[in-house]
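See structure below.
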There are 2 protein chains.
Amino acid sequence: MSAVRTLEVAEAPAACCTPLAASEMSEEEADNTARVFKALADPHRVRIVNVLATAEGAVCVCDITDEVALSQPTVSFHLKKLVTAGLLDREQRGVWAYYSINREALERLGSIFQLGGART
Amino acid sequence: MSAVRTLEVAEAPAACCTPLAASEMSEEEADNTARVFKALADPHRVRIVNVLATAEGAVCVCDITDEVALSQPTVSFHLKKLVTAGLLDREQRGVWAYYSINREALERLGSIFQLGGART
DNA sequence: GCGTCACATCGATGTTTGTCAATATCTTCC
DNA sequence: GGAAGATATTGACAAACATCGATGTGACGC
């Protein structure tokens with residue numbers, strides 16, 4: 001059991017995003033933040049997130065591929081980018097692979113845009 | 001005077017971002033959203049936004065260049081990306097160019113991560 | 001074990017992006 | 001107008017990225 005846990009090495013970038021208005025931001029933090037934005041910096045990936053955000057639960061890859069006008073390998077590639085960034089979760093159900101949004105990660109990402117102090 | 005106004009043709013991508021959980025999202029909307037993320041998908045640009053977000057007003061390019069370990073042309077290039085995306089505002093003051101964050105745009109961008117309905 | 005299906009991975013290819021030296025452009029002063 | 005300073009733009013280059021056909025891997029049924 002513990003051998004399995006140790007395989008989860010790198011933390012997903014979206015798990016820790018520094019607020020854009022943080023008083024201090026290291027190069028690592030900026031790099032981490034940019035990684036998450038990079039995962040969303042493709043229109044097809046934005047569309048994929050939208051499809052999952054409006055679904056009633058996890059969605060099968062086969063259905064996502066139908067929604068996005070791309071080949072199966074390309075969709076798989078994009079999904080992996082989003083999972084690696086920590087924005088999506090993947091679940092194998094027999095032959096089928098299901099994907100869903102990671103709500104906490106997306107909402108955490110939204111909160112980094114809080115700029116503080118009303119500056120009128 | 002009106003001749004000057006007509007030069008402002010294209011709307012900045014950050015001016016209109018579709019919520020990630022929107023019930024409908026066209027390819028144009030996904031493309032527009034991806035453009036804004038693309039502007040932030042570079043660690044140096046994230047750092048620049050952070051420098052400006054924590055500053056007490058507009059900041060001169062010369063000071064931004066000191067904060068970021070890049071050459072002057074590269075900083076200028078990055079700043080232009082952020083201005084074009086609508087995330088920063090630029091102001092010429094004689095020989096000096098000053099940049100500041102567009103608070104509304106950044107906060108608007110943060111709001112697109114609202115996913116709606118608490119799904120516990 | 002074999003065959004089938006789902007889908008992840010690989011490799012080739014074309015496109016996009018980030019970097020900097022060089023240069024162009026703009027502002028200001030004499 | 002010419003010179004100096006600030007900074008935007010250009011072009012070359014290397015790295016990264018998006019795409020898809022081909023293929024590899026895993027799950028499942030017989």
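Every chain in the structure tokens takes a letter, A first, then B, and so on in the order presented; its residues are numbered from 1, and the ligands are numbered from 1 following the presented order.
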
For a quick test of understanding: name the residues of chain B lying within 7 Å of chain C when counting only C-alpha atoms (C1' of nucleotides), and present them as a VMD selection string. chain B and resid 74 94 to 95

For Ser100 in chain B, find every residue with an atom within 10 Å (counting only C-alpha atoms (C1' of nucleotides)), except residues of its own chain fewer than 4 positions away, and show them as a VMD selection string. chain B and resid 48 to 49 51 to 53 55 to 60 83 87 to 91

Can you check which parts of chain D lie within 8 Å of chain B? Per residue, the shortest pair of atoms and distance in Å to one decimal, counting only C-alpha atoms (C1' of nucleotides), sorted by chain and number, as CSV.
```
residue,atom,partner,partner_atom,distance
D:DG5,C1',B:Val95,CA,7.9
D:DA6,C1',B:Val95,CA,5.6
D:DT7,C1',B:Ser76,CA,7.4
D:DA8,C1',B:Ser76,CA,6.9
```

What would the file look like if the residues just selected were written as a PDB file, in the first residue's frame with N, CA and C atoms (P, O5', C5', C4', C3', O3' and C1' of nucleotides)?
```pdb
ATOM      1  P    DG D   5      22.891  59.746 -23.428  1.00  0.00           P
ATOM      2  O5'  DG D   5      21.406  59.312 -23.059  1.00  0.00           O
ATOM      3  C5'  DG D   5      20.542  60.262 -22.428  1.00  0.00           C
ATOM      4  C4'  DG D   5      19.116  59.751 -22.464  1.00  0.00           C
ATOM      5  C3'  DG D   5      18.967  58.274 -22.098  1.00  0.00           C
ATOM      6  O3'  DG D   5      17.922  58.139 -21.141  1.00  0.00           O
ATOM      7  C1'  DG D   5      17.913  58.690 -24.169  1.00  0.00           C
ATOM      8  P    DA D   6      17.664  56.669 -20.530  1.00  0.00           P
ATOM      9  O5'  DA D   6      16.247  56.302 -21.159  1.00  0.00           O
ATOM     10  C5'  DA D   6      15.144  57.202 -20.991  1.00  0.00           C
ATOM     11  C4'  DA D   6      13.937  56.683 -21.739  1.00  0.00           C
ATOM     12  C3'  DA D   6      13.635  55.204 -21.483  1.00  0.00           C
ATOM     13  O3'  DA D   6      12.235  55.054 -21.265  1.00  0.00           O
ATOM     14  C1'  DA D   6      13.892  55.576 -23.810  1.00  0.00           C
ATOM     15  P    DT D   7      11.680  53.605 -20.821  1.00  0.00           P
ATOM     16  O5'  DT D   7      11.274  52.942 -22.210  1.00  0.00           O
ATOM     17  C5'  DT D   7      10.312  53.604 -23.015  1.00  0.00           C
ATOM     18  C4'  DT D   7      10.164  52.892 -24.356  1.00  0.00           C
ATOM     19  C3'  DT D   7      10.063  51.369 -24.260  1.00  0.00           C
ATOM     20  O3'  DT D   7       9.178  50.929 -25.267  1.00  0.00           O
ATOM     21  C1'  DT D   7      11.672  51.910 -25.769  1.00  0.00           C
ATOM     22  P    DA D   8       7.874  50.087 -24.942  1.00  0.00           P
ATOM     23  O5'  DA D   8       7.267  49.876 -26.389  1.00  0.00           O
ATOM     24  C5'  DA D   8       7.002  51.016 -27.194  1.00  0.00           C
ATOM     25  C4'  DA D   8       7.323  50.724 -28.648  1.00  0.00           C
ATOM     26  C3'  DA D   8       6.868  49.348 -29.137  1.00  0.00           C
ATOM     27  O3'  DA D   8       6.285  49.520 -30.422  1.00  0.00           O
ATOM     28  C1'  DA D   8       9.194  49.606 -29.547  1.00  0.00           C
TER      29       DA D   8
END
```

Work out how far apart CA of Gly86 in chain B and CA of Lys38 in chain B are and give it in Å to one decimal.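 These two atoms are separated by 12.1 Å.
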
Once chain B is fitted onto chain A by least squares over all its in-order Cα atoms, send the moved chain as a compact mmCIF listing (two decimals) with C-alpha atoms, in the first residue's frame.
```txt
# COMPACT_ATOMS: atom_id res chain seq x y z
CA MET B 1 -0.58 -0.13 -0.25
CA SER B 2 2.06 2.35 0.86
CA ALA B 3 4.12 1.46 -2.19
CA VAL B 4 1.29 2.84 -4.32
CA ARG B 5 1.14 6.11 -2.41
CA THR B 6 4.83 6.85 -2.89
CA LEU B 7 4.27 6.93 -6.63
CA GLU B 8 2.44 10.24 -6.29
CA VAL B 9 5.56 12.35 -6.34
CA ALA B 10 5.13 15.70 -8.02
CA GLU B 11 2.40 17.97 -6.86
CA ALA B 12 0.09 19.28 -9.58
CA PRO B 13 0.75 22.93 -10.44
CA ALA B 14 -2.89 23.87 -9.82
CA ALA B 15 -2.62 22.62 -6.25
CA CYS B 16 -0.66 25.68 -5.22
CA CYS B 17 -1.10 28.92 -7.08
CA THR B 18 0.28 32.16 -5.74
CA PRO B 19 -2.09 35.15 -5.82
CA LEU B 20 -1.22 37.56 -8.59
CA ALA B 21 -1.20 40.35 -6.00
CA ALA B 22 1.05 38.48 -3.56
CA SER B 23 3.55 40.78 -1.87
CA GLU B 24 6.31 38.38 -2.91
CA MET B 25 6.45 35.97 -5.82
CA SER B 26 9.46 33.81 -6.54
CA GLU B 27 10.47 32.59 -9.97
CA GLU B 28 9.30 29.11 -9.02
CA GLU B 29 5.89 30.43 -8.07
CA ALA B 30 5.61 32.42 -11.29
CA ASP B 31 6.67 29.34 -13.24
CA ASN B 32 4.11 27.21 -11.45
CA THR B 33 1.35 29.70 -12.10
CA ALA B 34 2.31 30.03 -15.75
CA ARG B 35 2.14 26.23 -16.10
CA VAL B 36 -1.50 26.21 -15.08
CA PHE B 37 -2.34 29.03 -17.46
CA LYS B 38 -0.46 27.20 -20.18
CA ALA B 39 -2.74 24.22 -19.66
CA LEU B 40 -5.71 26.47 -20.40
CA ALA B 41 -4.02 28.42 -23.21
CA ASP B 42 -5.60 26.34 -25.95
CA PRO B 43 -9.16 26.82 -27.22
CA HIS B 44 -9.84 23.10 -27.41
CA ARG B 45 -8.75 22.63 -23.85
CA VAL B 46 -11.01 25.48 -22.77
CA ARG B 47 -13.87 23.77 -24.57
CA ILE B 48 -13.05 20.50 -22.84
CA VAL B 49 -13.14 22.15 -19.43
CA ASN B 50 -16.48 23.73 -20.35
CA VAL B 51 -17.93 20.38 -21.42
CA LEU B 52 -16.88 18.82 -18.14
CA ALA B 53 -17.96 21.81 -16.03
CA THR B 54 -21.48 21.56 -17.40
CA ALA B 55 -21.73 17.79 -17.18
CA GLU B 56 -23.58 15.90 -14.48
CA GLY B 57 -20.51 13.95 -13.45
CA ALA B 58 -17.48 12.35 -15.01
CA VAL B 59 -17.49 12.14 -18.80
CA CYS B 60 -16.05 9.38 -20.95
CA VAL B 61 -13.23 10.23 -23.37
CA CYS B 62 -15.31 8.85 -26.21
CA ASP B 63 -17.97 11.49 -25.52
CA ILE B 64 -15.42 14.28 -25.17
CA THR B 65 -13.91 13.31 -28.51
CA ASP B 66 -17.35 13.68 -30.09
CA GLU B 67 -17.72 17.19 -28.66
CA VAL B 68 -14.33 18.42 -29.83
CA ALA B 69 -13.48 18.35 -33.53
CA LEU B 70 -10.12 16.66 -33.06
CA SER B 71 -8.72 13.21 -33.54
CA GLN B 72 -8.66 10.72 -30.68
CA PRO B 73 -4.90 10.96 -30.06
CA THR B 74 -5.09 14.74 -29.92
CA VAL B 75 -7.94 14.69 -27.43
CA SER B 76 -6.00 12.24 -25.31
CA PHE B 77 -2.98 14.52 -25.50
CA HIS B 78 -5.00 17.54 -24.39
CA LEU B 79 -6.68 15.66 -21.57
CA LYS B 80 -3.32 14.60 -20.27
CA LYS B 81 -2.15 18.20 -20.23
CA LEU B 82 -5.15 19.18 -18.12
CA VAL B 83 -4.73 16.24 -15.72
CA THR B 84 -1.02 16.89 -15.31
CA ALA B 85 -1.77 20.51 -14.49
CA GLY B 86 -4.18 19.34 -11.81
CA LEU B 87 -7.29 20.81 -13.38
CA LEU B 88 -8.96 17.52 -14.27
CA ASP B 89 -9.25 14.14 -12.58
CA ARG B 90 -9.08 10.84 -14.45
CA GLU B 91 -10.76 7.60 -13.56
CA GLN B 92 -10.40 4.27 -15.35
CA ARG B 93 -13.63 2.25 -15.51
CA GLY B 94 -12.77 -1.00 -17.24
CA VAL B 95 -12.07 -0.22 -20.86
CA TRP B 96 -13.42 3.31 -20.45
CA ALA B 97 -11.61 6.39 -19.19
CA TYR B 98 -13.67 9.04 -17.46
CA TYR B 99 -12.65 12.63 -16.80
CA SER B 100 -14.07 15.27 -14.52
CA ILE B 101 -13.07 18.75 -13.40
CA ASN B 102 -11.23 19.29 -10.16
CA ARG B 103 -13.54 21.88 -8.66
CA GLU B 104 -11.21 22.91 -5.87
CA ALA B 105 -8.34 23.48 -8.28
CA LEU B 106 -10.41 25.63 -10.61
CA GLU B 107 -11.90 27.68 -7.81
CA ARG B 108 -8.50 28.05 -6.20
CA LEU B 109 -7.22 29.31 -9.52
CA GLY B 110 -10.03 31.83 -9.71
CA SER B 111 -9.12 33.18 -6.30
CA ILE B 112 -5.61 34.19 -7.34
CA PHE B 113 -7.15 37.08 -9.27
CA GLN B 114 -8.24 38.74 -6.07
CA LEU B 115 -6.32 42.00 -6.06
CA GLY B 116 -7.12 43.24 -2.57
CA GLY B 117 -7.69 46.82 -1.43
CA ALA B 118 -10.46 48.53 -3.35
CA ARG B 119 -8.58 51.11 -5.33
CA THR B 120 -11.18 53.58 -6.59
```

As a ChimeraX atom specification, please: all residues of chain A that backbone DSSP puts in strand (DSSP E or B). /A:59-60,88-93,96-101

From a DSSP calculation on the backbone, collect every residue of range 7-118 of chain B in alpha helix (DSSP H) and output the set as a VMD selection string. chain B and resid 27 to 40 43 to 53 61 to 67 72 to 85 103 to 111
